[in-house]
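K.L.:
Sharing input-v1.cif below, mmCIF, C-alpha atoms:
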```cif
data_start
#
loop_
_atom_site.label_atom_id
_atom_site.label_comp_id
_atom_site.auth_asym_id
_atom_site.auth_seq_id
_atom_site.Cartn_x
_atom_site.Cartn_y
_atom_site.Cartn_z
CA MET P 1 10.03 -3.71 -23.00
CA ALA P 2 10.65 -0.99 -25.54
CA GLY P 3 7.70 -2.07 -27.67
CA THR P 4 5.18 -1.92 -24.84
CA SER P 5 3.81 0.82 -22.63
CA HIS P 6 4.79 -1.04 -19.47
CA GLY P 7 4.79 1.48 -16.64
CA HIS P 8 3.96 4.46 -18.84
CA THR P 9 0.41 4.96 -17.60
CA PRO P 10 -1.22 7.49 -15.29
CA ALA P 11 -1.87 4.71 -12.75
CA ALA P 12 1.79 3.70 -12.65
CA TRP P 13 3.12 7.25 -12.47
CA THR P 14 0.69 8.27 -9.72
CA GLY P 15 1.35 5.18 -7.61
CA VAL P 16 5.13 5.56 -7.89
CA ILE P 17 5.08 9.28 -7.10
CA ILE P 18 2.95 8.75 -3.99
CA ALA P 19 5.19 5.88 -2.87
CA PHE P 20 8.30 8.00 -3.48
CA ILE P 21 6.90 10.79 -1.33
CA GLY P 22 6.20 8.22 1.39
CA PHE P 23 9.79 6.93 1.22
CA CYS P 24 11.09 10.49 1.52
CA VAL P 25 8.86 11.22 4.52
CA SER P 26 9.82 7.94 6.16
CA GLY P 27 13.53 8.55 5.54
CA ALA P 28 13.40 12.08 6.93
CA PHE P 29 11.65 10.95 10.10
CA MET P 30 14.07 8.05 10.47
CA VAL P 31 16.97 10.53 10.51
CA LEU P 32 15.04 12.70 12.99
CA ALA P 33 14.52 9.62 15.23
CA ASN P 34 10.74 9.99 15.18
CA PRO P 35 9.12 6.53 14.97
CA LEU P 36 5.59 7.87 14.49
CA GLY P 37 6.58 9.89 11.43
CA PHE P 38 8.56 6.93 10.07
CA TRP P 39 5.51 4.66 10.24
CA ALA P 40 3.30 7.40 8.79
CA GLY P 41 5.65 7.54 5.80
CA LEU P 42 5.34 3.79 5.32
CA VAL P 43 1.56 4.13 5.40
CA VAL P 44 1.88 6.67 2.57
CA VAL P 45 4.01 4.13 0.64
CA ALA P 46 1.26 1.53 1.00
CA LEU P 47 -1.31 4.15 0.01
CA GLY P 48 0.63 4.68 -3.24
CA GLY P 49 0.18 1.02 -4.11
CA VAL P 50 -3.52 1.11 -3.31
CA VAL P 51 -4.06 4.26 -5.39
CA GLY P 52 -2.13 2.76 -8.32
CA MET P 53 -4.21 -0.43 -8.24
CA ALA P 54 -7.45 1.54 -7.92
CA MET P 55 -6.53 3.70 -10.91
CA LYS P 56 -5.63 0.59 -12.90
CA ALA P 57 -9.02 -0.91 -12.03
CA ALA P 58 -10.64 2.35 -13.18
CA GLY P 59 -9.06 1.90 -16.61
CA MET P 60 -6.03 4.16 -16.34
CA GLY P 61 -3.51 1.33 -16.45
CA ALA P 62 -2.07 -0.66 -19.34
CA PRO P 63 -4.51 -3.10 -20.93
CA LYS P 64 -3.75 -6.78 -20.52
CA ALA P 65 -2.36 -8.53 -23.56
CA THR P 66 -4.71 -10.95 -25.24
CA HIS P 67 -3.61 -14.53 -25.71
CA ASN P 68 -4.42 -16.65 -28.71
CA ASP P 69 -6.47 -19.75 -28.22
CA LEU P 70 -4.24 -22.82 -27.87
CA ALA P 71 -5.91 -24.53 -30.85
CA GLU P 72 -5.13 -21.51 -33.05
CA VAL P 73 -1.48 -21.54 -32.01
CA ILE P 74 -1.12 -25.27 -32.67
CA ALA P 75 -2.79 -24.92 -36.10
CA ALA P 76 -0.55 -21.99 -37.05
CA ASN P 77 2.59 -23.89 -36.01
CA ALA P 78 1.52 -26.97 -37.93
CA ALA P 79 0.82 -24.92 -41.06
CA ALA P 80 4.18 -23.18 -40.83
CA LYS P 81 6.17 -26.42 -40.80
CA VAL P 82 7.67 -27.22 -44.19
CA PRO P 83 8.73 -30.80 -44.98
CA ALA P 84 12.50 -31.26 -45.04
CA LYS P 85 14.17 -31.95 -48.40
CA VAL P 86 16.04 -35.21 -48.61
#
```
Take the structure in the file and give it back as structure tokens.
P.N.:
Amino acid sequence: MAGTSHGHTPAAWTGVIIAFIGFCVSGAFMVLANPLGFWAGLVVVALGGVVGMAMKAAGMGAPKATHNDLAEVIAANAAAKVPAKV
């Protein structure tokens, strides 16, 4: 993971921060025995996921890795094989 930018994007940071705030709100209201506030905090957690996905769709997330065509991979592997010496 060190060679990639996995999770180091504005979309990821924003989604996680919003979800963290929701967990804190939900935890505080759980201690205060207030079910309405608890569920409101969980709604904020879900909102964090929605915001993160929306920002990723808007281009603020990590780009998807491109995959080589299967024929190119097979050709490269075949060319790399060296006959064994007897």
K.L.:
Identify all residues satisfying the PyMOL selection byres ((chain P and resi 6-17) around 7) in the given file; provide them as a PyMOL selection string.
P.N.:
chain P and resi 1+4-5+18-21+48-49+51-52+55-56+60-62
K.L.:
Please dump the current selection as a PDB file, in the frame of the given file; keep C-alpha atoms.
P.N.:
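Final file, again_16.pdb:
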```
ATOM      1  CA  MET P   1      10.030  -3.710 -23.000  1.00  0.00           C
ATOM      2  CA  THR P   4       5.180  -1.920 -24.840  1.00  0.00           C
ATOM      3  CA  SER P   5       3.810   0.820 -22.630  1.00  0.00           C
ATOM      4  CA  ILE P  18       2.950   8.750  -3.990  1.00  0.00           C
ATOM      5  CA  ALA P  19       5.190   5.880  -2.870  1.00  0.00           C
ATOM      6  CA  PHE P  20       8.300   8.000  -3.480  1.00  0.00           C
ATOM      7  CA  ILE P  21       6.900  10.790  -1.330  1.00  0.00           C
ATOM      8  CA  GLY P  48       0.630   4.680  -3.240  1.00  0.00           C
ATOM      9  CA  GLY P  49       0.180   1.020  -4.110  1.00  0.00           C
ATOM     10  CA  VAL P  51      -4.060   4.260  -5.390  1.00  0.00           C
ATOM     11  CA  GLY P  52      -2.130   2.760  -8.320  1.00  0.00           C
ATOM     12  CA  MET P  55      -6.530   3.700 -10.910  1.00  0.00           C
ATOM     13  CA  LYS P  56      -5.630   0.590 -12.900  1.00  0.00           C
ATOM     14  CA  MET P  60      -6.030   4.160 -16.340  1.00  0.00           C
ATOM     15  CA  GLY P  61      -3.510   1.330 -16.450  1.00  0.00           C
ATOM     16  CA  ALA P  62      -2.070  -0.660 -19.340  1.00  0.00           C
TER      17      ALA P  62
END
```
K.L.:
Going by the chain IDs and residue numbers used in this file, which residues fall under the PyMOL selection byres ((chain P and resi 42) around 9)? Write them as a ChimeraX atom specification.
P.N.:
/P:19,22-23,25-26,37-41,43-47
K.L.:
Record the distance separating atom CA of Met53 of chain P and atom CA of Cys24 of chain P, expressed in Å with one decimal.
P.N.:
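Interatomic distance here is 21.2 Å.
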K.L.:
Please, what distance in Å, to one decimal, runs between atom CA of Leu36 of chain P and atom CA of Val50 of chain P?
P.N.:
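Going from atom CA of Leu36 of chain P over to atom CA of Val50 of chain P covers 21.1 Å.
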K.L.:
Dump segment 39-54 of chain P with all heavy atoms to a file, as a PDB file, in the first residue's frame.
P.N.:
```pdb
ATOM      1  N   TRP P  39     -29.684   7.697  16.863  1.00  0.00           N
ATOM      2  CA  TRP P  39     -30.018   7.387  15.474  1.00  0.00           C
ATOM      3  C   TRP P  39     -29.643   8.535  14.539  1.00  0.00           C
ATOM      4  O   TRP P  39     -29.258   8.299  13.386  1.00  0.00           O
ATOM      5  CB  TRP P  39     -31.492   7.011  15.340  1.00  0.00           C
ATOM      6  CG  TRP P  39     -31.759   5.671  15.952  1.00  0.00           C
ATOM      7  CD1 TRP P  39     -32.440   5.423  17.103  1.00  0.00           C
ATOM      8  CD2 TRP P  39     -31.309   4.402  15.467  1.00  0.00           C
ATOM      9  NE1 TRP P  39     -32.440   4.078  17.367  1.00  0.00           N
ATOM     10  CE2 TRP P  39     -31.759   3.420  16.373  1.00  0.00           C
ATOM     11  CE3 TRP P  39     -30.566   4.004  14.364  1.00  0.00           C
ATOM     12  CZ2 TRP P  39     -31.489   2.065  16.207  1.00  0.00           C
ATOM     13  CZ3 TRP P  39     -30.293   2.653  14.197  1.00  0.00           C
ATOM     14  CH2 TRP P  39     -30.747   1.700  15.101  1.00  0.00           C
ATOM     15  N   ALA P  40     -29.732   9.763  15.023  1.00  0.00           N
ATOM     16  CA  ALA P  40     -29.300  10.902  14.206  1.00  0.00           C
ATOM     17  C   ALA P  40     -27.803  10.814  13.927  1.00  0.00           C
ATOM     18  O   ALA P  40     -27.345  11.109  12.811  1.00  0.00           O
ATOM     19  CB  ALA P  40     -29.635  12.212  14.911  1.00  0.00           C
ATOM     20  N   GLY P  41     -27.028  10.377  14.909  1.00  0.00           N
ATOM     21  CA  GLY P  41     -25.599  10.187  14.701  1.00  0.00           C
ATOM     22  C   GLY P  41     -25.314   9.119  13.667  1.00  0.00           C
ATOM     23  O   GLY P  41     -24.401   9.251  12.846  1.00  0.00           O
ATOM     24  N   LEU P  42     -26.086   8.044  13.678  1.00  0.00           N
ATOM     25  CA  LEU P  42     -25.896   6.993  12.686  1.00  0.00           C
ATOM     26  C   LEU P  42     -26.284   7.468  11.289  1.00  0.00           C
ATOM     27  O   LEU P  42     -25.696   7.027  10.294  1.00  0.00           O
ATOM     28  CB  LEU P  42     -26.688   5.741  13.068  1.00  0.00           C
ATOM     29  CG  LEU P  42     -26.156   4.980  14.285  1.00  0.00           C
ATOM     30  CD1 LEU P  42     -26.983   3.724  14.520  1.00  0.00           C
ATOM     31  CD2 LEU P  42     -24.699   4.640  14.133  1.00  0.00           C
ATOM     32  N   VAL P  43     -27.254   8.360  11.208  1.00  0.00           N
ATOM     33  CA  VAL P  43     -27.597   8.950   9.910  1.00  0.00           C
ATOM     34  C   VAL P  43     -26.420   9.775   9.395  1.00  0.00           C
ATOM     35  O   VAL P  43     -26.099   9.745   8.194  1.00  0.00           O
ATOM     36  CB  VAL P  43     -28.882   9.806  10.021  1.00  0.00           C
ATOM     37  CG1 VAL P  43     -29.085  10.655   8.782  1.00  0.00           C
ATOM     38  CG2 VAL P  43     -30.087   8.911  10.276  1.00  0.00           C
ATOM     39  N   VAL P  44     -25.737  10.485  10.287  1.00  0.00           N
ATOM     40  CA  VAL P  44     -24.558  11.265   9.891  1.00  0.00           C
ATOM     41  C   VAL P  44     -23.451  10.329   9.409  1.00  0.00           C
ATOM     42  O   VAL P  44     -22.736  10.641   8.458  1.00  0.00           O
ATOM     43  CB  VAL P  44     -24.081  12.170  11.053  1.00  0.00           C
ATOM     44  CG1 VAL P  44     -22.768  12.847  10.717  1.00  0.00           C
ATOM     45  CG2 VAL P  44     -25.144  13.199  11.395  1.00  0.00           C
ATOM     46  N   VAL P  45     -23.297   9.168  10.044  1.00  0.00           N
ATOM     47  CA  VAL P  45     -22.307   8.179   9.595  1.00  0.00           C
ATOM     48  C   VAL P  45     -22.618   7.753   8.166  1.00  0.00           C
ATOM     49  O   VAL P  45     -21.724   7.710   7.302  1.00  0.00           O
ATOM     50  CB  VAL P  45     -22.281   6.956  10.537  1.00  0.00           C
ATOM     51  CG1 VAL P  45     -21.429   5.841   9.957  1.00  0.00           C
ATOM     52  CG2 VAL P  45     -21.765   7.350  11.905  1.00  0.00           C
ATOM     53  N   ALA P  46     -23.861   7.425   7.896  1.00  0.00           N
ATOM     54  CA  ALA P  46     -24.252   7.027   6.534  1.00  0.00           C
ATOM     55  C   ALA P  46     -24.048   8.176   5.557  1.00  0.00           C
ATOM     56  O   ALA P  46     -23.631   7.964   4.406  1.00  0.00           O
ATOM     57  CB  ALA P  46     -25.707   6.566   6.521  1.00  0.00           C
ATOM     58  N   LEU P  47     -24.319   9.396   5.997  1.00  0.00           N
ATOM     59  CA  LEU P  47     -24.113  10.571   5.159  1.00  0.00           C
ATOM     60  C   LEU P  47     -22.639  10.714   4.772  1.00  0.00           C
ATOM     61  O   LEU P  47     -22.318  11.103   3.649  1.00  0.00           O
ATOM     62  CB  LEU P  47     -24.599  11.828   5.883  1.00  0.00           C
ATOM     63  CG  LEU P  47     -24.481  13.136   5.127  1.00  0.00           C
ATOM     64  CD1 LEU P  47     -25.426  13.127   3.927  1.00  0.00           C
ATOM     65  CD2 LEU P  47     -24.790  14.295   6.044  1.00  0.00           C
ATOM     66  N   GLY P  48     -21.733  10.361   5.680  1.00  0.00           N
ATOM     67  CA  GLY P  48     -20.305  10.401   5.373  1.00  0.00           C
ATOM     68  C   GLY P  48     -19.958   9.475   4.226  1.00  0.00           C
ATOM     69  O   GLY P  48     -19.163   9.829   3.342  1.00  0.00           O
ATOM     70  N   GLY P  49     -20.548   8.289   4.205  1.00  0.00           N
ATOM     71  CA  GLY P  49     -20.310   7.367   3.097  1.00  0.00           C
ATOM     72  C   GLY P  49     -20.859   7.885   1.791  1.00  0.00           C
ATOM     73  O   GLY P  49     -20.223   7.773   0.737  1.00  0.00           O
ATOM     74  N   VAL P  50     -22.031   8.475   1.836  1.00  0.00           N
ATOM     75  CA  VAL P  50     -22.647   9.020   0.621  1.00  0.00           C
ATOM     76  C   VAL P  50     -21.820  10.189   0.082  1.00  0.00           C
ATOM     77  O   VAL P  50     -21.567  10.274  -1.124  1.00  0.00           O
ATOM     78  CB  VAL P  50     -24.103   9.457   0.899  1.00  0.00           C
ATOM     79  CG1 VAL P  50     -24.677  10.229  -0.261  1.00  0.00           C
ATOM     80  CG2 VAL P  50     -24.957   8.245   1.220  1.00  0.00           C
ATOM     81  N   VAL P  51     -21.377  11.065   0.969  1.00  0.00           N
ATOM     82  CA  VAL P  51     -20.563  12.213   0.538  1.00  0.00           C
ATOM     83  C   VAL P  51     -19.244  11.733  -0.059  1.00  0.00           C
ATOM     84  O   VAL P  51     -18.794  12.238  -1.091  1.00  0.00           O
ATOM     85  CB  VAL P  51     -20.322  13.185   1.716  1.00  0.00           C
ATOM     86  CG1 VAL P  51     -19.253  14.212   1.378  1.00  0.00           C
ATOM     87  CG2 VAL P  51     -21.610  13.876   2.105  1.00  0.00           C
ATOM     88  N   GLY P  52     -18.606  10.740   0.577  1.00  0.00           N
ATOM     89  CA  GLY P  52     -17.356  10.206   0.044  1.00  0.00           C
ATOM     90  C   GLY P  52     -17.525   9.608  -1.341  1.00  0.00           C
ATOM     91  O   GLY P  52     -16.701   9.841  -2.238  1.00  0.00           O
ATOM     92  N   MET P  53     -18.602   8.844  -1.543  1.00  0.00           N
ATOM     93  CA  MET P  53     -18.843   8.256  -2.863  1.00  0.00           C
ATOM     94  C   MET P  53     -19.182   9.317  -3.904  1.00  0.00           C
ATOM     95  O   MET P  53     -18.765   9.219  -5.057  1.00  0.00           O
ATOM     96  CB  MET P  53     -19.953   7.211  -2.781  1.00  0.00           C
ATOM     97  CG  MET P  53     -19.511   5.920  -2.110  1.00  0.00           C
ATOM     98  SD  MET P  53     -20.702   4.596  -2.221  1.00  0.00           S
ATOM     99  CE  MET P  53     -21.978   5.170  -1.134  1.00  0.00           C
ATOM    100  N   ALA P  54     -19.925  10.340  -3.488  1.00  0.00           N
ATOM    101  CA  ALA P  54     -20.267  11.419  -4.425  1.00  0.00           C
ATOM    102  C   ALA P  54     -19.015  12.187  -4.828  1.00  0.00           C
ATOM    103  O   ALA P  54     -18.843  12.539  -6.000  1.00  0.00           O
ATOM    104  CB  ALA P  54     -21.291  12.358  -3.794  1.00  0.00           C
TER     105      ALA P  54
END
```
